[in-house]
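Below is protein-v7.cif, which holds mmCIF, C-alpha atoms.
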```
data_coords
loop_
_atom_site.label_atom_id
_atom_site.label_comp_id
_atom_site.auth_asym_id
_atom_site.auth_seq_id
_atom_site.Cartn_x
_atom_site.Cartn_y
_atom_site.Cartn_z
CA MET L 1 12.90 3.38 -23.39
CA THR L 2 14.17 0.13 -21.87
CA ALA L 3 15.42 -2.38 -24.44
CA ASN L 4 13.84 -5.81 -24.60
CA ARG L 5 15.65 -8.58 -22.74
CA THR L 6 17.49 -11.09 -24.89
CA ASP L 7 18.79 -13.38 -22.13
CA ILE L 8 15.59 -15.35 -21.42
CA ALA L 9 15.66 -18.75 -23.10
CA ILE L 10 12.50 -19.89 -24.90
CA LEU L 11 12.06 -23.63 -24.35
CA ASP L 12 9.91 -26.33 -25.90
CA SER L 13 10.68 -28.82 -23.12
CA VAL L 14 11.39 -28.48 -19.41
CA ALA L 15 13.88 -31.35 -19.75
CA ALA L 16 16.53 -28.76 -20.58
CA LEU L 17 16.28 -27.45 -17.01
CA ALA L 18 15.38 -30.66 -15.19
CA SER L 19 18.90 -32.09 -15.00
CA SER L 20 20.18 -29.02 -13.16
CA ALA L 21 17.49 -29.13 -10.45
CA ASP L 22 16.79 -31.40 -7.50
CA ALA L 23 13.45 -29.81 -6.67
CA TRP L 24 10.69 -27.78 -8.26
CA ILE L 25 8.50 -25.23 -6.50
CA SER L 26 5.60 -25.07 -8.94
CA ASP L 27 2.50 -22.95 -9.13
CA ILE L 28 -0.81 -24.75 -9.77
CA TRP L 29 -3.38 -22.41 -11.37
CA GLY L 30 -2.06 -21.43 -14.80
CA VAL L 31 0.62 -24.14 -14.77
CA LEU L 32 -1.18 -27.43 -14.05
CA HIS L 33 -4.72 -26.29 -14.84
CA ASN L 34 -6.83 -23.23 -15.60
CA GLY L 35 -9.37 -23.75 -12.84
CA VAL L 36 -11.66 -25.81 -15.05
CA ALA L 37 -9.47 -28.29 -16.94
CA ALA L 38 -5.99 -29.73 -16.48
CA PHE L 39 -3.30 -28.92 -19.02
CA PRO L 40 -2.52 -32.30 -20.59
CA ASP L 41 1.29 -32.19 -20.48
CA ALA L 42 1.93 -30.44 -17.15
CA GLY L 43 1.06 -33.19 -14.67
CA PRO L 44 3.01 -35.83 -16.63
CA ALA L 45 6.05 -33.50 -16.72
CA CYS L 46 5.98 -33.23 -12.92
CA ALA L 47 5.55 -37.00 -12.58
CA ARG L 48 8.50 -37.66 -14.88
CA PHE L 49 10.73 -35.27 -12.94
CA ARG L 50 9.85 -37.20 -9.77
CA GLU L 51 10.49 -40.53 -11.47
CA ASN L 52 13.98 -39.25 -12.27
CA GLY L 53 14.63 -38.48 -8.59
CA GLY L 54 13.32 -34.95 -8.37
CA THR L 55 10.99 -33.45 -5.75
CA VAL L 56 7.91 -31.41 -6.69
CA VAL L 57 6.27 -29.11 -4.15
CA LEU L 58 3.19 -27.33 -5.40
CA VAL L 59 2.85 -23.83 -3.97
CA THR L 60 -0.39 -21.97 -4.58
CA ASN L 61 -2.08 -18.77 -3.54
CA ALA L 62 -5.34 -20.69 -3.17
CA PRO L 63 -7.16 -19.46 -0.02
CA ARG L 64 -8.07 -22.95 1.17
CA PRO L 65 -6.35 -25.85 2.94
CA ALA L 66 -3.99 -28.16 1.04
CA ALA L 67 -6.37 -31.11 1.40
CA ALA L 68 -9.07 -29.22 -0.51
CA VAL L 69 -6.60 -28.37 -3.30
CA ALA L 70 -5.52 -32.02 -3.50
CA ARG L 71 -9.16 -33.06 -3.95
CA MET L 72 -9.55 -30.54 -6.78
CA LEU L 73 -6.41 -31.84 -8.50
CA ASP L 74 -7.77 -35.36 -8.24
CA ARG L 75 -11.07 -34.29 -9.82
CA LEU L 76 -9.16 -32.71 -12.70
CA GLY L 77 -7.14 -35.87 -13.26
CA ILE L 78 -3.83 -34.70 -11.78
CA PRO L 79 -2.70 -37.64 -9.61
CA PRO L 80 -0.61 -37.58 -6.41
CA THR L 81 2.26 -39.08 -8.41
CA ALA L 82 2.77 -35.58 -9.88
CA TYR L 83 3.81 -33.99 -6.58
CA ASP L 84 5.33 -34.58 -3.15
CA ALA L 85 3.48 -31.89 -1.19
CA ILE L 86 1.08 -28.96 -1.52
CA ILE L 87 1.60 -25.65 0.26
CA THR L 88 -1.28 -23.15 0.17
CA SER L 89 -1.68 -19.55 1.18
CA GLY L 90 -4.82 -20.76 2.95
CA ASP L 91 -2.72 -22.78 5.38
CA VAL L 92 -0.32 -19.86 5.84
CA SER L 93 -3.35 -17.66 6.57
CA ARG L 94 -4.46 -20.06 9.29
CA GLY L 95 -1.04 -19.66 10.86
CA LEU L 96 -1.40 -15.87 10.81
CA LEU L 97 -4.87 -16.11 12.37
CA ALA L 98 -3.38 -18.00 15.30
CA ASP L 99 -2.11 -14.62 16.53
CA PHE L 100 -5.74 -13.48 16.83
CA ALA L 101 -6.96 -16.36 19.02
CA GLY L 102 -10.16 -15.48 20.84
CA ARG L 103 -10.71 -12.39 18.68
CA ARG L 104 -13.45 -11.50 16.20
CA VAL L 105 -12.75 -12.16 12.52
CA TYR L 106 -14.72 -10.91 9.52
CA HIS L 107 -14.52 -13.26 6.52
CA LEU L 108 -14.48 -11.25 3.31
CA GLY L 109 -14.89 -13.77 0.52
CA PRO L 110 -17.13 -16.42 -1.02
CA GLU L 111 -18.90 -19.01 1.09
CA ARG L 112 -16.85 -21.80 -0.53
CA ASP L 113 -13.75 -20.54 1.34
CA VAL L 114 -15.24 -20.49 4.84
CA GLY L 115 -13.63 -23.86 5.60
CA ILE L 116 -10.33 -22.07 6.02
CA LEU L 117 -11.60 -21.06 9.48
CA ASP L 118 -12.54 -24.56 10.63
CA GLY L 119 -11.12 -25.44 14.04
CA LEU L 120 -9.58 -22.02 14.72
CA ASP L 121 -10.09 -20.25 18.05
CA VAL L 122 -11.78 -17.18 16.56
CA GLU L 123 -15.27 -15.71 16.59
CA ILE L 124 -16.73 -15.08 13.14
CA GLY L 125 -18.71 -11.86 12.99
CA PRO L 126 -19.61 -8.73 10.99
CA ALA L 127 -17.19 -6.14 9.66
CA GLU L 128 -18.42 -3.48 12.11
CA THR L 129 -17.03 -5.29 15.17
CA ALA L 130 -14.12 -7.21 13.61
CA ASP L 131 -10.65 -7.25 15.14
CA VAL L 132 -9.18 -8.73 11.95
CA VAL L 133 -10.33 -9.34 8.37
CA LEU L 134 -9.64 -12.58 6.55
CA CYS L 135 -9.90 -11.75 2.85
CA THR L 136 -10.16 -14.75 0.53
CA GLY L 137 -11.68 -12.90 -2.43
CA LEU L 138 -14.80 -11.15 -3.63
CA PHE L 139 -18.19 -12.46 -2.51
CA HIS L 140 -19.36 -12.82 -6.14
CA ASP L 141 -16.19 -12.76 -8.22
CA GLU L 142 -17.84 -13.32 -11.60
CA THR L 143 -20.26 -10.39 -11.30
CA GLU L 144 -18.49 -7.90 -9.00
CA GLU L 145 -15.38 -5.74 -9.36
CA PRO L 146 -12.82 -4.84 -6.64
CA GLU L 147 -13.86 -1.17 -6.76
CA ASP L 148 -17.33 -2.22 -5.58
CA TYR L 149 -15.72 -2.79 -2.17
CA ARG L 150 -13.97 0.55 -1.72
CA ARG L 151 -16.56 2.04 0.66
CA SER L 152 -16.72 -1.00 2.97
CA LEU L 153 -12.93 -1.31 2.94
CA ALA L 154 -12.61 2.39 3.82
CA ALA L 155 -14.73 1.83 6.93
CA LEU L 156 -12.40 -0.97 8.07
CA ALA L 157 -9.28 1.02 7.23
CA SER L 158 -10.56 3.95 9.33
CA ARG L 159 -10.28 1.62 12.35
CA SER L 160 -6.90 0.24 11.20
CA VAL L 161 -8.25 -3.32 11.26
CA PRO L 162 -5.53 -5.72 10.01
CA LEU L 163 -6.46 -7.50 6.80
CA ILE L 164 -4.98 -10.94 6.12
CA CYS L 165 -4.82 -11.41 2.36
CA ALA L 166 -5.22 -15.14 1.81
CA ASN L 167 -4.58 -14.87 -1.93
CA PRO L 168 -2.20 -12.11 -3.11
CA ASP L 169 -3.09 -12.74 -6.78
CA LEU L 170 -4.81 -9.83 -8.50
CA ILE L 171 -6.52 -12.04 -11.08
CA VAL L 172 -6.65 -15.75 -11.86
CA GLU L 173 -7.79 -17.89 -14.77
CA ARG L 174 -11.11 -19.69 -14.50
CA GLY L 175 -11.58 -21.41 -17.82
CA PRO L 176 -11.69 -18.65 -20.48
CA LYS L 177 -12.31 -15.90 -17.89
CA LEU L 178 -9.97 -13.80 -15.77
CA ILE L 179 -11.40 -13.48 -12.25
CA PRO L 180 -10.42 -10.81 -9.65
CA CYS L 181 -8.83 -12.16 -6.46
CA ALA L 182 -8.21 -11.10 -2.87
CA GLY L 183 -4.97 -9.37 -3.84
CA ALA L 184 -6.95 -6.76 -5.77
CA LEU L 185 -8.94 -5.94 -2.62
CA ALA L 186 -5.76 -5.83 -0.56
CA GLU L 187 -4.26 -3.30 -2.98
CA ILE L 188 -7.25 -1.01 -2.49
CA TYR L 189 -7.04 -1.48 1.28
CA LYS L 190 -3.39 -0.40 1.26
CA THR L 191 -4.21 2.77 -0.68
CA LEU L 192 -6.80 3.54 2.02
CA GLY L 193 -4.14 3.23 4.71
CA GLY L 194 -5.24 -0.15 6.03
CA PRO L 195 -2.63 -2.64 7.33
CA VAL L 196 -2.25 -5.79 5.18
CA LEU L 197 -0.66 -9.14 6.07
CA TYR L 198 0.09 -11.26 3.00
CA ALA L 199 -0.03 -15.06 3.23
CA GLY L 200 1.13 -16.19 -0.22
CA LYS L 201 3.57 -15.52 -3.03
CA PRO L 202 5.71 -13.46 -3.46
CA PHE L 203 6.13 -13.13 0.31
CA PRO L 204 8.59 -15.21 2.38
CA ALA L 205 6.32 -17.25 4.68
CA ILE L 206 4.97 -19.51 1.96
CA TYR L 207 8.47 -20.21 0.61
CA GLU L 208 9.69 -21.13 4.08
CA ARG L 209 6.99 -23.80 4.19
CA ALA L 210 7.96 -24.98 0.71
CA TYR L 211 11.62 -25.39 1.71
CA ALA L 212 10.55 -27.37 4.78
CA ALA L 213 8.46 -29.67 2.58
CA ILE L 214 11.39 -30.23 0.21
CA GLU L 215 13.65 -31.03 3.15
CA ARG L 216 11.12 -33.53 4.52
CA ALA L 217 10.81 -35.23 1.14
CA ARG L 218 14.54 -35.43 0.42
CA GLY L 219 16.05 -35.60 3.88
CA ALA L 220 18.10 -32.48 3.16
CA LEU L 221 17.42 -29.11 1.55
CA PRO L 222 19.26 -28.58 -1.77
CA THR L 223 21.14 -25.35 -2.36
CA LYS L 224 18.99 -22.69 -3.97
CA ASP L 225 20.73 -23.03 -7.32
CA ARG L 226 19.30 -26.59 -7.44
CA ILE L 227 15.69 -25.44 -6.89
CA LEU L 228 13.62 -24.30 -9.88
CA ALA L 229 10.53 -22.12 -9.40
CA ILE L 230 7.81 -22.53 -12.03
CA GLY L 231 4.88 -20.17 -12.44
CA ASP L 232 2.75 -17.95 -14.66
CA GLY L 233 2.33 -14.90 -12.41
CA ILE L 234 4.85 -12.11 -12.95
CA ARG L 235 4.14 -10.25 -9.69
CA THR L 236 3.76 -13.45 -7.65
CA ASP L 237 5.71 -16.40 -9.09
CA VAL L 238 8.48 -14.58 -10.96
CA GLU L 239 8.88 -11.82 -8.38
CA GLY L 240 8.79 -14.33 -5.51
CA ALA L 241 11.47 -16.47 -7.14
CA GLY L 242 13.63 -13.42 -7.63
CA ARG L 243 13.31 -12.35 -4.02
CA GLU L 244 14.23 -15.88 -2.94
CA ARG L 245 17.19 -16.02 -5.37
CA LEU L 246 15.71 -18.99 -7.22
CA ARG L 247 15.88 -19.66 -10.93
CA CYS L 248 12.45 -19.28 -12.48
CA LEU L 249 10.67 -20.85 -15.44
CA PHE L 250 7.88 -18.57 -16.67
CA ILE L 251 4.79 -20.28 -18.08
CA ALA L 252 2.94 -18.08 -20.56
CA SER L 253 -0.66 -18.56 -19.47
CA ALA L 254 -3.54 -16.28 -20.38
CA LEU L 255 -2.74 -14.26 -17.25
CA HIS L 256 -0.13 -12.24 -19.17
CA VAL L 257 0.08 -13.65 -22.70
CA ASP L 258 -2.56 -13.33 -25.42
CA ASP L 259 -2.63 -16.65 -27.26
CA ARG L 260 -3.46 -14.82 -30.49
CA ARG L 261 0.06 -13.44 -30.57
CA ALA L 262 3.20 -15.39 -31.44
CA PHE L 263 5.11 -16.48 -28.35
CA ASP L 264 8.74 -15.72 -29.06
CA ALA L 265 11.84 -14.06 -27.63
CA GLY L 266 10.62 -10.61 -28.62
CA HIS L 267 7.32 -11.06 -26.82
CA VAL L 268 8.98 -12.38 -23.66
CA GLY L 269 11.59 -9.63 -23.84
CA GLU L 270 8.83 -7.01 -23.79
CA LEU L 271 7.17 -8.60 -20.76
CA PHE L 272 10.34 -8.49 -18.68
CA ALA L 273 12.15 -5.50 -20.20
CA ALA L 274 12.13 -3.51 -16.94
CA HIS L 275 11.73 -6.38 -14.49
CA ALA L 276 14.27 -6.56 -11.67
CA HIS L 277 13.99 -10.36 -11.37
CA PRO L 278 13.43 -11.83 -14.85
CA PRO L 279 12.99 -15.58 -15.32
CA ALA L 280 15.81 -17.77 -16.61
CA ALA L 281 13.55 -19.31 -19.23
CA ALA L 282 10.00 -19.29 -20.58
CA MET L 283 7.61 -21.81 -22.08
CA ARG L 284 4.17 -21.56 -23.64
CA ALA L 285 3.04 -24.48 -21.43
CA LEU L 286 4.79 -26.88 -19.06
CA LYS L 287 5.74 -30.13 -20.77
CA TRP L 288 8.61 -32.61 -20.88
#
```
Full structure transcribed into structure tokens:
Amino acid sequence: MTANRTDIAILDSVAALASSADAWISDIWGVLHNGVAAFPDAGPACARFRENGGTVVLVTNAPRPAAAVARMLDRLGIPPTAYDAIITSGDVSRGLLADFAGRRVYHLGPERDVGILDGLDVEIGPAETADVVLCTGLFHDETEEPEDYRRSLAALASRSVPLICANPDLIVERGPKLIPCAGALAEIYKTLGGPVLYAGKPFPAIYERAYAAIERARGALPTKDRILAIGDGIRTDVEGAGRERLRCLFIASALHVDDRRAFDAGHVGELFAAHAHPPAAAMRALKW
């Protein structure tokens, strides 16, 4: 049995890490809000870091353009003063679709995400004739399960149709619920032998865009030891930070942590006991 980790600091305030960072790469869902309501201390913590000279780039696996995410943040009461830029897996997906110009694309996902295809030189059509699949999630993610799609995914995989996963998350918070995401469908597709292209965390393309945004905001890119990654997803945020050799602050959202249990070093140690890229620190919620 692997022993629990004892080297992950449990913090009450992000201020302990702020002085050793020039920039934050922060997740949105699970860190700033839960999909329904903003967390009261998270946005102000980001704003304060910026007031002190720091740069905040929000990086999300949301399968929609950055402008749409900014509008959602505004509705939830998270102002533009909390961040310098937003990078989405939706925008990365649009970049990947550029390689399929003039081809037929099947959109697998809810109608609310169809805007991701606006202005692209592709023909939207049915799965049977598709040259590529853009997967943004389940059609009805509050009533369906990923396994409901196995048969239709098998038909696509039999033709080796590339699937662009616009949200590598397996699940996400939506208020008190945990909702399945495109990443869960992509995992099934891989087991069926279908080729998958991932647009978001923990894969490199989205981090490359984040670094470019930091460089634009600051005029120069800090060394990686001066960039702090913040997130609540172990297989996306924490793993992505580890692959990029960034320090990571783990936020204990409902994604991995039951709020009925005490959040302490023992609990965190269990979560990351066998993890190759553990976070440097953990917090129950982001706050200054």
Written as JSON, numbers by chain, what is the full residue list that the PyMOL selection byres ((chain L and resi 162-176) around 8) yields on the file shown? {"L": [29, 30, 34, 35, 36, 37, 61, 62, 63, 89, 90, 92, 93, 96, 131, 132, 133, 134, 135, 136, 137, 160, 161, 177, 178, 179, 180, 181, 182, 183, 184, 186, 194, 195, 196, 197, 198, 199, 200, 201, 236, 254, 255]}
Which polymer residues have any atom within 9 Å of an atom of Val105 (chain L), counting only C-alpha atoms, with same-chain residues fewer than 5 positions away left out, as number ranges by chain? L: 97, 100, 122-127, 129-134
Let me have the centre and edge lengths of the axis-aligned box enclosing all listed atoms of region 187-193 of chain L with 8 Å padding on every side, in Å to one decimal, as JSON.
```
{"center_x": -5.3, "center_y": 0.1, "center_z": 0.9, "size_x": 19.9, "size_y": 22.8, "size_z": 23.7}
```
Contacts of region 70-78 of chain L at 9 Å (all atoms listed in the file; same-chain gap of 3+ positions) as number ranges by chain: L: 32-33, 35-38, 42-44, 65-67, 81-82, 86
I want to know what sits within 7 Å of Ala157 (chain L), based on all atoms listed in the file, with residues of the same chain fewer than 5 positions away left out; could you give that as a count of residues only? 4
What separation in Å, quoted to one decimal, exists between CA of Gly119 (chain L) and CA of Ile87 (chain L)?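 CA of Ile87 (chain L) lies at a distance of 18.8 Å from CA of Gly119 (chain L).
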On this structure, which residues satisfy the PyMOL selection byres ((chain L and resi 214) around 9), written as a short mmCIF file (atom, residue, chain, number, x, y, z; two decimals) with C-alpha atoms, keeping the file's coordinate frame?
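Result file is part.cif:
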```
data_model
loop_
_atom_site.label_atom_id
_atom_site.label_comp_id
_atom_site.auth_asym_id
_atom_site.auth_seq_id
_atom_site.Cartn_x
_atom_site.Cartn_y
_atom_site.Cartn_z
CA ALA L 23 13.45 -29.81 -6.67
CA TRP L 24 10.69 -27.78 -8.26
CA ILE L 25 8.50 -25.23 -6.50
CA THR L 55 10.99 -33.45 -5.75
CA VAL L 56 7.91 -31.41 -6.69
CA VAL L 57 6.27 -29.11 -4.15
CA ASP L 84 5.33 -34.58 -3.15
CA ALA L 85 3.48 -31.89 -1.19
CA ARG L 209 6.99 -23.80 4.19
CA ALA L 210 7.96 -24.98 0.71
CA TYR L 211 11.62 -25.39 1.71
CA ALA L 212 10.55 -27.37 4.78
CA ALA L 213 8.46 -29.67 2.58
CA GLU L 215 13.65 -31.03 3.15
CA ARG L 216 11.12 -33.53 4.52
CA ALA L 217 10.81 -35.23 1.14
CA ARG L 218 14.54 -35.43 0.42
CA GLY L 219 16.05 -35.60 3.88
CA ALA L 220 18.10 -32.48 3.16
CA LEU L 221 17.42 -29.11 1.55
CA PRO L 222 19.26 -28.58 -1.77
#
```
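Each of L:Phe39, L:Tyr83, L:Tyr149, L:Phe272 was checked against Ser26 (chain L) using all atoms listed in the file; the smallest atom-to-atom distance is that of L:Tyr83.
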Find the residues around Phe263 (chain L) up to 10 Å (all atoms listed in the file counted), leave out those fewer than 4 positions away in its own chain, and share them as a list in words.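 Listing them by chain and then by number gives Ile10, Ala252, Val257, Asp258, Asp259, His267, Val268, Ala282, Met283 and Arg284 of chain L.
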So that I can check the surroundings of Cys248 (chain L), please list as a list in words every protein, DNA and RNA residue that reaches within 7 Å of it, counting only C-alpha atoms and ignoring chain neighbours fewer than 2 positions away. Leu228, Ala229, Ile230, Val238, Ala241, Leu246, Phe250, Pro279, Ala280 and Ala281 of chain L
One decimal, in Å: what's the spacing between CA of Ala101 (chain L) and CA of Thr88 (chain L)? 20.8 Å
Selected residue, from L:Thr223, L:Ser20, L:Thr191, L:Ser13, that lies nearest to Asp41 (chain L) when counting only C-alpha atoms: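 Of all the options, L:Ser13 lies closest to Asp41 (chain L).
The residue that comes closest to Val114 (chain L), out of L:Ala68, L:Leu153, L:Ala98, L:Leu11 and on the basis of all atoms listed in the file, is L:Ala68.
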What does the structure give for the distance between CA of Val69 (chain L) and CA of Asp118 (chain L), in Å to one decimal? 15.6 Å
Pick from L:Ile227, L:Leu138, L:Ile28, L:Ala47, whichever lies nearest to Trp288 (chain L) using all atoms listed in the file: L:Ala47
Counting all atoms listed in the file, figure out which residue out of L:Ala285, L:Ala274, L:Lys190, L:Asp27 gets nearest to Tyr207 (chain L). L:Asp27
